[in-house]
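*Asks:* Enclosed is the structure file structure-v8.cif (mmCIF, N, CA and C atoms).
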data_model
loop_
_atom_site.label_atom_id
_atom_site.label_comp_id
_atom_site.auth_asym_id
_atom_site.auth_seq_id
_atom_site.Cartn_x
_atom_site.Cartn_y
_atom_site.Cartn_z
N MET A 613 -55.53 -70.06 76.65
CA MET A 613 -55.25 -69.33 75.45
C MET A 613 -54.08 -70.00 74.73
N LYS A 614 -54.22 -70.07 73.40
CA LYS A 614 -53.18 -70.69 72.58
C LYS A 614 -52.09 -69.67 72.28
N SER A 615 -50.85 -70.17 72.23
CA SER A 615 -49.78 -69.27 71.78
C SER A 615 -49.63 -69.45 70.27
N ARG A 616 -49.44 -68.34 69.60
CA ARG A 616 -49.32 -68.37 68.14
C ARG A 616 -47.87 -68.14 67.75
N ASN A 617 -47.42 -68.90 66.78
CA ASN A 617 -46.08 -68.71 66.24
C ASN A 617 -46.18 -67.79 65.02
N GLY A 618 -45.15 -66.95 64.83
CA GLY A 618 -45.15 -66.08 63.66
C GLY A 618 -45.21 -64.62 64.04
N PHE A 619 -45.38 -63.79 63.02
CA PHE A 619 -45.40 -62.35 63.21
C PHE A 619 -46.76 -61.80 62.80
N THR A 620 -47.11 -60.70 63.42
CA THR A 620 -48.36 -60.05 63.05
C THR A 620 -48.10 -59.12 61.86
N LEU A 621 -49.17 -58.74 61.21
CA LEU A 621 -49.05 -57.85 60.05
C LEU A 621 -48.39 -56.52 60.41
N PRO A 622 -48.76 -55.85 61.51
CA PRO A 622 -48.09 -54.60 61.85
C PRO A 622 -46.58 -54.77 62.08
N GLU A 623 -46.18 -55.88 62.69
CA GLU A 623 -44.75 -56.13 62.90
C GLU A 623 -44.01 -56.26 61.56
N LEU A 624 -44.60 -56.98 60.63
CA LEU A 624 -44.00 -57.15 59.31
C LEU A 624 -43.90 -55.82 58.56
N LEU A 625 -44.94 -55.00 58.68
CA LEU A 625 -44.92 -53.69 58.00
C LEU A 625 -43.82 -52.79 58.57
N VAL A 626 -43.60 -52.84 59.86
CA VAL A 626 -42.55 -52.04 60.48
C VAL A 626 -41.18 -52.49 59.96
N VAL A 627 -40.96 -53.79 59.88
CA VAL A 627 -39.69 -54.33 59.38
C VAL A 627 -39.46 -53.92 57.93
N VAL A 628 -40.49 -54.03 57.09
CA VAL A 628 -40.38 -53.64 55.68
C VAL A 628 -40.08 -52.15 55.57
N ALA A 629 -40.70 -51.33 56.39
CA ALA A 629 -40.46 -49.88 56.36
C ALA A 629 -39.02 -49.56 56.76
N VAL A 630 -38.51 -50.21 57.77
CA VAL A 630 -37.13 -49.99 58.22
C VAL A 630 -36.14 -50.40 57.13
N VAL A 631 -36.36 -51.54 56.50
CA VAL A 631 -35.49 -52.01 55.41
C VAL A 631 -35.53 -51.03 54.24
N ALA A 632 -36.70 -50.52 53.90
CA ALA A 632 -36.83 -49.57 52.80
C ALA A 632 -36.07 -48.28 53.10
N ILE A 633 -36.16 -47.79 54.33
CA ILE A 633 -35.44 -46.57 54.71
C ILE A 633 -33.93 -46.80 54.64
N LEU A 634 -33.45 -47.93 55.13
CA LEU A 634 -32.01 -48.23 55.07
C LEU A 634 -31.52 -48.35 53.62
N ALA A 635 -32.31 -48.96 52.76
CA ALA A 635 -31.94 -49.10 51.35
C ALA A 635 -31.87 -47.74 50.67
N THR A 636 -32.79 -46.85 51.01
CA THR A 636 -32.80 -45.51 50.43
C THR A 636 -31.56 -44.72 50.84
N VAL A 637 -31.14 -44.89 52.07
CA VAL A 637 -29.96 -44.18 52.56
C VAL A 637 -28.69 -44.80 51.98
N ALA A 638 -28.62 -46.10 51.86
CA ALA A 638 -27.41 -46.79 51.42
C ALA A 638 -27.16 -46.71 49.92
N ALA A 639 -28.20 -46.62 49.09
CA ALA A 639 -28.04 -46.65 47.63
C ALA A 639 -27.15 -45.54 47.10
N PRO A 640 -27.33 -44.27 47.46
CA PRO A 640 -26.43 -43.22 46.94
C PRO A 640 -24.98 -43.43 47.38
N ASN A 641 -24.77 -43.88 48.61
CA ASN A 641 -23.42 -44.14 49.10
C ASN A 641 -22.78 -45.27 48.31
N PHE A 642 -23.54 -46.27 47.96
CA PHE A 642 -23.02 -47.40 47.20
C PHE A 642 -22.58 -46.95 45.81
N ALA A 643 -23.35 -46.06 45.18
CA ALA A 643 -22.99 -45.55 43.85
C ALA A 643 -21.68 -44.77 43.92
N SER A 644 -21.49 -43.98 44.96
CA SER A 644 -20.25 -43.21 45.08
C SER A 644 -19.05 -44.13 45.34
N VAL A 645 -19.28 -45.22 46.04
CA VAL A 645 -18.20 -46.19 46.27
C VAL A 645 -17.77 -46.81 44.94
N ILE A 646 -18.72 -47.11 44.08
CA ILE A 646 -18.41 -47.68 42.77
C ILE A 646 -17.63 -46.68 41.92
N GLN A 647 -18.06 -45.41 41.91
CA GLN A 647 -17.35 -44.38 41.13
C GLN A 647 -15.91 -44.23 41.62
N ASN A 648 -15.74 -44.14 42.93
CA ASN A 648 -14.41 -44.00 43.50
C ASN A 648 -13.55 -45.21 43.18
N SER A 649 -14.13 -46.39 43.21
CA SER A 649 -13.41 -47.62 42.90
C SER A 649 -12.93 -47.63 41.44
N LYS A 650 -13.78 -47.17 40.52
CA LYS A 650 -13.40 -47.13 39.10
C LYS A 650 -12.26 -46.14 38.86
N VAL A 651 -12.29 -45.00 39.56
CA VAL A 651 -11.20 -44.03 39.41
C VAL A 651 -9.90 -44.62 39.94
N LYS A 652 -9.95 -45.25 41.10
CA LYS A 652 -8.74 -45.86 41.67
C LYS A 652 -8.22 -46.97 40.78
N LYS A 653 -9.10 -47.80 40.27
CA LYS A 653 -8.70 -48.88 39.38
C LYS A 653 -8.00 -48.32 38.13
N THR A 654 -8.54 -47.26 37.56
CA THR A 654 -7.96 -46.67 36.36
C THR A 654 -6.62 -46.02 36.65
N THR A 655 -6.48 -45.31 37.76
CA THR A 655 -5.20 -44.69 38.09
C THR A 655 -4.13 -45.76 38.34
N ASP A 656 -4.50 -46.83 39.01
CA ASP A 656 -3.56 -47.93 39.23
C ASP A 656 -3.17 -48.56 37.90
N PHE A 657 -4.13 -48.68 36.99
CA PHE A 657 -3.84 -49.27 35.69
C PHE A 657 -2.90 -48.39 34.87
N ILE A 658 -3.07 -47.07 34.94
CA ILE A 658 -2.17 -46.16 34.23
C ILE A 658 -0.74 -46.33 34.74
N THR A 659 -0.58 -46.48 36.04
CA THR A 659 0.74 -46.73 36.61
C THR A 659 1.33 -48.01 36.03
N GLN A 660 0.54 -49.06 36.01
CA GLN A 660 0.99 -50.34 35.45
C GLN A 660 1.34 -50.19 33.97
N LEU A 661 0.52 -49.46 33.24
CA LEU A 661 0.72 -49.30 31.80
C LEU A 661 1.99 -48.51 31.48
N THR A 662 2.29 -47.48 32.27
CA THR A 662 3.52 -46.72 32.02
C THR A 662 4.76 -47.59 32.31
N ASN A 663 4.67 -48.42 33.33
CA ASN A 663 5.78 -49.34 33.61
C ASN A 663 5.95 -50.35 32.48
N THR A 664 4.84 -50.82 31.94
CA THR A 664 4.89 -51.76 30.81
C THR A 664 5.50 -51.08 29.59
N ALA A 665 5.11 -49.83 29.33
CA ALA A 665 5.65 -49.10 28.18
C ALA A 665 7.16 -48.93 28.31
N ARG A 666 7.62 -48.61 29.50
CA ARG A 666 9.07 -48.46 29.73
C ARG A 666 9.80 -49.76 29.45
N SER A 667 9.30 -50.86 30.02
CA SER A 667 10.00 -52.14 29.83
C SER A 667 9.92 -52.62 28.39
N GLU A 668 8.79 -52.39 27.71
CA GLU A 668 8.68 -52.79 26.30
C GLU A 668 9.64 -52.00 25.42
N ALA A 669 9.82 -50.71 25.70
CA ALA A 669 10.75 -49.89 24.93
C ALA A 669 12.17 -50.44 25.07
N LEU A 670 12.55 -50.81 26.28
CA LEU A 670 13.89 -51.34 26.51
C LEU A 670 14.05 -52.75 25.92
N ASN A 671 13.06 -53.62 26.14
CA ASN A 671 13.14 -55.00 25.65
C ASN A 671 13.14 -55.09 24.13
N ARG A 672 12.34 -54.26 23.49
CA ARG A 672 12.22 -54.30 22.02
C ARG A 672 13.26 -53.43 21.32
N ASN A 673 13.95 -52.59 22.10
CA ASN A 673 14.92 -51.65 21.56
C ASN A 673 14.28 -50.76 20.48
N THR A 674 13.08 -50.31 20.77
CA THR A 674 12.37 -49.41 19.87
C THR A 674 11.53 -48.45 20.71
N ASP A 675 11.25 -47.28 20.17
CA ASP A 675 10.39 -46.33 20.88
C ASP A 675 9.00 -46.92 21.01
N VAL A 676 8.37 -46.70 22.16
CA VAL A 676 7.01 -47.17 22.41
C VAL A 676 6.14 -45.97 22.73
N TYR A 677 4.93 -45.96 22.20
CA TYR A 677 4.02 -44.84 22.35
C TYR A 677 2.78 -45.27 23.13
N LEU A 678 2.42 -44.47 24.13
CA LEU A 678 1.20 -44.68 24.91
C LEU A 678 0.21 -43.59 24.52
N SER A 679 -0.99 -43.99 24.12
CA SER A 679 -2.00 -43.01 23.74
C SER A 679 -3.37 -43.47 24.22
N ILE A 680 -4.32 -42.57 24.11
CA ILE A 680 -5.71 -42.89 24.43
C ILE A 680 -6.49 -42.85 23.12
N GLN A 681 -7.13 -43.97 22.80
CA GLN A 681 -7.92 -44.08 21.58
C GLN A 681 -9.39 -43.85 21.90
N THR A 682 -10.13 -43.31 20.97
CA THR A 682 -11.57 -43.11 21.18
C THR A 682 -12.41 -43.98 20.26
N VAL A 683 -11.82 -44.52 19.21
CA VAL A 683 -12.56 -45.33 18.25
C VAL A 683 -11.94 -46.71 18.21
N PRO A 684 -12.66 -47.79 18.26
CA PRO A 684 -14.10 -47.90 18.33
C PRO A 684 -14.66 -47.64 19.74
N ALA A 685 -13.80 -47.76 20.77
CA ALA A 685 -14.24 -47.48 22.14
C ALA A 685 -13.06 -46.85 22.87
N ALA A 686 -13.35 -46.14 23.96
CA ALA A 686 -12.29 -45.50 24.73
C ALA A 686 -11.35 -46.57 25.28
N SER A 687 -10.07 -46.45 24.92
CA SER A 687 -9.10 -47.45 25.36
C SER A 687 -7.70 -46.87 25.41
N PHE A 688 -6.85 -47.54 26.19
CA PHE A 688 -5.44 -47.22 26.22
C PHE A 688 -4.77 -48.02 25.12
N CYS A 689 -3.74 -47.45 24.50
CA CYS A 689 -3.05 -48.12 23.41
C CYS A 689 -1.54 -48.02 23.59
N LEU A 690 -0.85 -49.16 23.51
CA LEU A 690 0.61 -49.19 23.48
C LEU A 690 1.01 -49.62 22.08
N SER A 691 1.89 -48.85 21.47
CA SER A 691 2.24 -49.11 20.07
C SER A 691 3.70 -48.81 19.80
N THR A 692 4.22 -49.42 18.74
CA THR A 692 5.59 -49.11 18.31
C THR A 692 5.60 -48.05 17.22
N THR A 693 4.40 -47.58 16.84
CA THR A 693 4.30 -46.52 15.83
C THR A 693 3.60 -45.31 16.41
N SER A 694 4.00 -44.14 15.97
CA SER A 694 3.45 -42.89 16.47
C SER A 694 2.11 -42.57 15.83
N VAL A 695 1.26 -41.86 16.55
CA VAL A 695 -0.01 -41.38 16.01
C VAL A 695 0.25 -40.50 14.80
N SER A 696 1.30 -39.66 14.89
CA SER A 696 1.60 -38.72 13.80
C SER A 696 2.14 -39.42 12.55
N SER A 697 2.60 -40.67 12.67
CA SER A 697 3.14 -41.38 11.50
C SER A 697 2.04 -41.87 10.57
N GLY A 698 0.82 -41.93 11.08
CA GLY A 698 -0.31 -42.35 10.25
C GLY A 698 -0.54 -43.85 10.27
N GLY A 699 0.47 -44.63 10.63
CA GLY A 699 0.32 -46.08 10.65
C GLY A 699 0.13 -46.62 12.05
N HIS A 700 -0.50 -45.82 12.89
CA HIS A 700 -0.63 -46.14 14.31
C HIS A 700 -1.60 -47.30 14.55
N THR A 701 -1.09 -48.36 15.13
CA THR A 701 -1.92 -49.49 15.55
C THR A 701 -1.52 -49.86 16.97
N CYS A 702 -2.41 -50.48 17.68
CA CYS A 702 -2.10 -50.92 19.04
C CYS A 702 -1.45 -52.30 18.96
N ASP A 703 -0.22 -52.35 18.44
CA ASP A 703 0.41 -53.64 18.19
C ASP A 703 1.01 -54.30 19.43
N ILE A 704 1.15 -53.56 20.54
CA ILE A 704 1.67 -54.16 21.76
C ILE A 704 0.52 -54.53 22.71
N ARG A 705 -0.36 -53.57 22.94
CA ARG A 705 -1.43 -53.80 23.91
C ARG A 705 -2.54 -52.78 23.74
N SER A 706 -3.78 -53.21 23.96
CA SER A 706 -4.94 -52.32 23.94
C SER A 706 -5.87 -52.74 25.07
N ASP A 707 -6.27 -51.79 25.91
CA ASP A 707 -7.13 -52.08 27.05
C ASP A 707 -8.24 -51.06 27.15
N LEU A 708 -9.47 -51.53 27.33
CA LEU A 708 -10.63 -50.64 27.44
C LEU A 708 -10.59 -49.85 28.75
N ILE A 709 -11.10 -48.64 28.70
CA ILE A 709 -11.25 -47.81 29.89
C ILE A 709 -12.61 -48.13 30.50
N SER A 710 -12.68 -48.21 31.83
CA SER A 710 -13.93 -48.55 32.53
C SER A 710 -15.08 -47.67 32.08
N ALA A 711 -16.26 -48.27 31.94
CA ALA A 711 -17.45 -47.53 31.52
C ALA A 711 -17.74 -46.40 32.50
N GLY A 712 -18.07 -45.23 31.96
CA GLY A 712 -18.38 -44.07 32.78
C GLY A 712 -17.16 -43.29 33.24
N THR A 713 -15.97 -43.80 32.94
CA THR A 713 -14.73 -43.15 33.35
C THR A 713 -14.13 -42.41 32.16
N THR A 714 -13.70 -41.18 32.39
CA THR A 714 -13.07 -40.36 31.35
C THR A 714 -11.61 -40.15 31.72
N VAL A 715 -10.74 -40.39 30.76
CA VAL A 715 -9.31 -40.16 30.97
C VAL A 715 -8.86 -39.14 29.93
N SER A 716 -8.23 -38.07 30.39
CA SER A 716 -7.73 -37.07 29.44
C SER A 716 -6.22 -36.94 29.59
N LEU A 717 -5.60 -36.61 28.49
CA LEU A 717 -4.16 -36.47 28.39
C LEU A 717 -3.89 -35.22 27.57
N PRO A 718 -3.02 -34.30 28.04
CA PRO A 718 -2.82 -33.04 27.32
C PRO A 718 -2.05 -33.17 26.01
N VAL A 719 -1.50 -34.33 25.75
CA VAL A 719 -0.78 -34.58 24.50
C VAL A 719 -1.41 -35.75 23.77
N ALA A 720 -1.15 -35.89 22.47
CA ALA A 720 -1.74 -36.99 21.69
C ALA A 720 -1.19 -38.34 22.12
N GLU A 721 0.08 -38.36 22.53
CA GLU A 721 0.71 -39.61 22.93
C GLU A 721 1.94 -39.32 23.79
N ILE A 722 2.40 -40.34 24.48
CA ILE A 722 3.63 -40.24 25.26
C ILE A 722 4.63 -41.21 24.65
N LYS A 723 5.77 -40.68 24.28
CA LYS A 723 6.82 -41.51 23.68
C LYS A 723 7.79 -41.96 24.77
N PHE A 724 8.03 -43.27 24.84
CA PHE A 724 9.02 -43.83 25.76
C PHE A 724 10.27 -44.20 24.96
N ASP A 725 11.39 -43.65 25.36
CA ASP A 725 12.65 -43.79 24.64
C ASP A 725 13.17 -45.23 24.68
N ARG A 726 13.67 -45.70 23.55
CA ARG A 726 14.15 -47.08 23.43
C ARG A 726 15.46 -47.32 24.17
N ILE A 727 16.23 -46.26 24.43
CA ILE A 727 17.53 -46.44 25.07
C ILE A 727 17.43 -46.42 26.60
N TYR A 728 16.69 -45.44 27.13
CA TYR A 728 16.58 -45.32 28.58
C TYR A 728 15.21 -45.72 29.12
N GLY A 729 14.23 -45.87 28.26
CA GLY A 729 12.89 -46.25 28.69
C GLY A 729 12.13 -45.14 29.39
N VAL A 730 12.59 -43.91 29.24
CA VAL A 730 11.94 -42.79 29.92
C VAL A 730 11.02 -42.05 28.95
N PRO A 731 9.98 -41.39 29.47
CA PRO A 731 9.09 -40.62 28.59
C PRO A 731 9.79 -39.38 28.04
N ALA A 732 9.41 -38.98 26.85
CA ALA A 732 10.01 -37.80 26.21
C ALA A 732 9.59 -36.52 26.92
N THR A 733 8.40 -36.51 27.52
CA THR A 733 7.92 -35.33 28.24
C THR A 733 7.22 -35.75 29.53
N ALA A 734 7.25 -34.88 30.51
CA ALA A 734 6.47 -35.10 31.72
C ALA A 734 5.02 -34.75 31.37
N THR A 735 4.09 -35.46 31.93
CA THR A 735 2.68 -35.19 31.61
C THR A 735 1.78 -35.61 32.77
N THR A 736 0.52 -35.23 32.67
CA THR A 736 -0.47 -35.56 33.69
C THR A 736 -1.73 -36.11 33.04
N PHE A 737 -2.13 -37.30 33.49
CA PHE A 737 -3.41 -37.88 33.10
C PHE A 737 -4.44 -37.38 34.10
N THR A 738 -5.65 -37.11 33.64
CA THR A 738 -6.75 -36.76 34.53
C THR A 738 -7.82 -37.82 34.39
N VAL A 739 -8.22 -38.43 35.51
CA VAL A 739 -9.20 -39.51 35.52
C VAL A 739 -10.43 -39.02 36.27
N VAL A 740 -11.62 -39.12 35.63
CA VAL A 740 -12.86 -38.63 36.23
C VAL A 740 -13.96 -39.67 36.07
N ASN A 741 -14.70 -39.89 37.14
CA ASN A 741 -15.91 -40.71 37.09
C ASN A 741 -16.90 -40.09 38.07
N GLY A 742 -17.98 -39.52 37.55
CA GLY A 742 -18.96 -38.85 38.40
C GLY A 742 -18.32 -37.65 39.07
N THR A 743 -18.35 -37.62 40.39
CA THR A 743 -17.77 -36.51 41.14
C THR A 743 -16.34 -36.80 41.59
N TYR A 744 -15.84 -37.98 41.28
CA TYR A 744 -14.50 -38.36 41.71
C TYR A 744 -13.48 -38.06 40.62
N ARG A 745 -12.35 -37.47 41.05
CA ARG A 745 -11.33 -37.04 40.09
C ARG A 745 -9.96 -37.26 40.71
N LYS A 746 -9.05 -37.84 39.94
CA LYS A 746 -7.66 -38.01 40.37
C LYS A 746 -6.75 -37.69 39.21
N THR A 747 -5.52 -37.31 39.54
CA THR A 747 -4.53 -37.08 38.50
C THR A 747 -3.39 -38.08 38.67
N VAL A 748 -2.81 -38.45 37.54
CA VAL A 748 -1.65 -39.33 37.53
C VAL A 748 -0.53 -38.55 36.85
N ASN A 749 0.50 -38.24 37.61
CA ASN A 749 1.61 -37.43 37.10
C ASN A 749 2.78 -38.35 36.73
N LEU A 750 3.26 -38.19 35.52
CA LEU A 750 4.39 -38.95 35.02
C LEU A 750 5.54 -37.97 34.81
N ASN A 751 6.66 -38.16 35.55
CA ASN A 751 7.77 -37.21 35.40
C ASN A 751 8.76 -37.69 34.33
N MET A 752 9.80 -36.91 34.09
CA MET A 752 10.77 -37.20 33.04
C MET A 752 11.61 -38.45 33.30
N LEU A 753 11.62 -38.93 34.54
CA LEU A 753 12.34 -40.15 34.85
C LEU A 753 11.43 -41.38 34.72
N GLY A 754 10.15 -41.15 34.42
CA GLY A 754 9.20 -42.24 34.29
C GLY A 754 8.54 -42.64 35.59
N LEU A 755 8.75 -41.84 36.64
CA LEU A 755 8.14 -42.14 37.94
C LEU A 755 6.72 -41.57 37.98
N VAL A 756 5.83 -42.31 38.60
CA VAL A 756 4.41 -41.95 38.65
C VAL A 756 4.01 -41.57 40.06
N THR A 757 3.27 -40.47 40.19
CA THR A 757 2.65 -40.10 41.45
C THR A 757 1.16 -39.87 41.19
N ILE A 758 0.34 -40.29 42.14
CA ILE A 758 -1.11 -40.13 42.02
C ILE A 758 -1.57 -39.07 42.98
N GLY A 759 -2.32 -38.09 42.45
CA GLY A 759 -2.80 -36.99 43.27
C GLY A 759 -4.31 -36.99 43.35
N GLY A 760 -4.84 -36.20 44.28
CA GLY A 760 -6.28 -36.14 44.49
C GLY A 760 -6.95 -35.13 43.71
#
How does this structure look as C-alpha cells?
*Replies:*
Amino acid sequence: MKSRNGFTLPELLVVVAVVAILATVAAPNFASVIQNSKVKKTTDFITQLTNTARSEALNRNTDVYLSIQTVPAASFCLSTTSVSSGGHTCDIRSDLISAGTTVSLPVAEIKFDRIYGVPATATTFTVVNGTYRKTVNLNMLGLVTIGG
C-alpha cells in the first residue's frame, strides 16, 4: 500500500470550522480592544494638550484657550483668542479627535492664565467610544487625573 502525503477533505473541513469558530469569538473582543485603545489615546492626549496650553501661556506671556471645535471636524483647538471674542482661530495648535470618539466639555473653553499657566476653572472632560468611557479631571492647579 502506498502512503499518501497531504490532508483528506474531512480533515481540512474540521480545521476550517475550528478557525471560523475562533474568528467569530475573537472579532467582538478585538473591536472592544480598539474602542478602549481610542479612549486611552484620547485621554492621554488631553493630558498632553493641557500641559502644552500651560507652557504656551507662560512662554508667550498671553492667555491661551483650549476648546473643542466641531466644524469642519471634531478637533481640539489651542488659541490665543477666546471663543467669546469672535476672532477665535486655532493659531497655536489644532488636532483631530479619533474617529468614533466623542469628547465633551461642560464649558465652551478653558482659559490658561499667562502669569501662572493655570486654568481659570477646574473642569472635567468626558471621553466616550462605544461602551468605553473615561473622564479627565483638570484641577485649579493645572494637574490632571484620569478616572474610569
*Asks:* Fewer than 4 positions away in the same chain doesn't count, so skip those; otherwise give me all residues within 8 Å of range 747-755 of chain A, counting only C-alpha atoms, as a list in words.
*Replies:*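 So, after excluding close chain neighbours, the residues are Thr655, Ile658, Thr659, Thr662, Asn663, Arg666, Gly729, Val730, Pro731, Ala732, Thr733, Ala734, Thr735, Thr736, Phe737, Thr738, Val739, Gly759 and Gly760 of chain A.
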*Asks:* Please determine, counting only N, CA and C atoms, which residue among A:Val715, A:Ile704, A:Ile727, A:Ala665 has the shortest atom-to-atom distance to Val740 in chain A.
*Replies:* A:Val715
*Asks:* By how many Å are atom N of Ser694 in chain A and atom N of Val651 in chain A apart?
*Replies:* 28.7 Å
*Asks:* With only N, CA and C atoms as the basis for distance, which of A:Asp675, A:Asp703, A:Glu668, A:Asp656 is at the shortest distance from Phe724 in chain A?
*Replies:*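 Nearest candidate to Phe724 in chain A out of A:Asp675, A:Asp703, A:Glu668, A:Asp656: A:Asp675.
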*Asks:* Just the number, please: distance in Å from CA of Phe619 in chain A to CA of Thr636 in chain A, one decimal.
*Replies:* 24.6 Å
*Asks:* Of the candidates A:Ile680, A:Gly712, A:Val695, A:Arg705, which shows the shortest atom-to-atom distance to Gly742 in chain A, using all atoms listed in the file?
*Replies:* A:Gly712
*Asks:* Check the smallest atom-to-atom distance from each of A:Ala635, A:Ser679, A:Val628, A:Ser697 to Val719 in chain A using all atoms listed in the file, then report the winner.
*Replies:*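 Closest candidate: A:Ser679.
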*Asks:* As a count of residues only, please: every residue in chain A that a backbone DSSP assignment puts in strand (DSSP E or B).
*Replies:* 41
*Asks:* Could you tell me how far atom C of Asn648 in chain A sits from atom C of Ser667 in chain A, in Å to one decimal place?
*Replies:*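 Result for atom C of Ser667 in chain A versus atom C of Asn648 in chain A: 28.7 Å, one decimal.
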*Asks:* Pick out the closest residue to Ser696 in chain A from this set: A:Thr713, A:Arg726, A:Ala720, A:Gln681. Count all atoms listed in the file.
*Replies:*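 Of A:Thr713, A:Arg726, A:Ala720, A:Gln681, the one nearest Ser696 in chain A, counting all atoms listed in the file, is A:Ala720.
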*Asks:* Find the nearest atom pair between each residue of range 704-743 of chain A and range 684-692 of chain A for residues within 9 Å, count only C-alpha atoms, give distances in Å to one decimal, sort rows by chain and ascending number, and present the table as JSON lines.
*Replies:*
{"residue": "A:Ile704", "atom": "CA", "partner": "A:Ser691", "partner_atom": "CA", "distance": 5.4}
{"residue": "A:Arg705", "atom": "CA", "partner": "A:Leu690", "partner_atom": "CA", "distance": 5.1}
{"residue": "A:Ser706", "atom": "CA", "partner": "A:Cys689", "partner_atom": "CA", "distance": 4.6}
{"residue": "A:Asp707", "atom": "CA", "partner": "A:Phe688", "partner_atom": "CA", "distance": 5.2}
{"residue": "A:Leu708", "atom": "CA", "partner": "A:Ser687", "partner_atom": "CA", "distance": 4.1}
{"residue": "A:Ile709", "atom": "CA", "partner": "A:Ser687", "partner_atom": "CA", "distance": 5.0}
{"residue": "A:Ser710", "atom": "CA", "partner": "A:Ala686", "partner_atom": "CA", "distance": 8.5}
{"residue": "A:Ala711", "atom": "CA", "partner": "A:Ala686", "partner_atom": "CA", "distance": 8.8}
{"residue": "A:Thr714", "atom": "CA", "partner": "A:Ala686", "partner_atom": "CA", "distance": 8.4}
{"residue": "A:Val715", "atom": "CA", "partner": "A:Ala686", "partner_atom": "CA", "distance": 8.7}
*Asks:* I need the output of the PyMOL selection byres (((chain A and resi 642-647 and name CA) around 8) and name CA) for this file as a ChimeraX atom specification; which residues are they?
*Replies:* /A:638-641,648-651,741-744
*Asks:* Give the helix (DSSP H, G or I) residues of range 663-707 of chain A, as assigned by DSSP on the backbone, as a PyMOL selection string.
*Replies:* chain A and resi 663-672+695-697
*Asks:* Counting only C-alpha atoms, which residue out of A:Thr701, A:Thr664, A:Thr682, A:Asn673 sits closest to Ser716 in chain A?
*Replies:*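 The answer is A:Thr682, which sits nearest to Ser716 in chain A.
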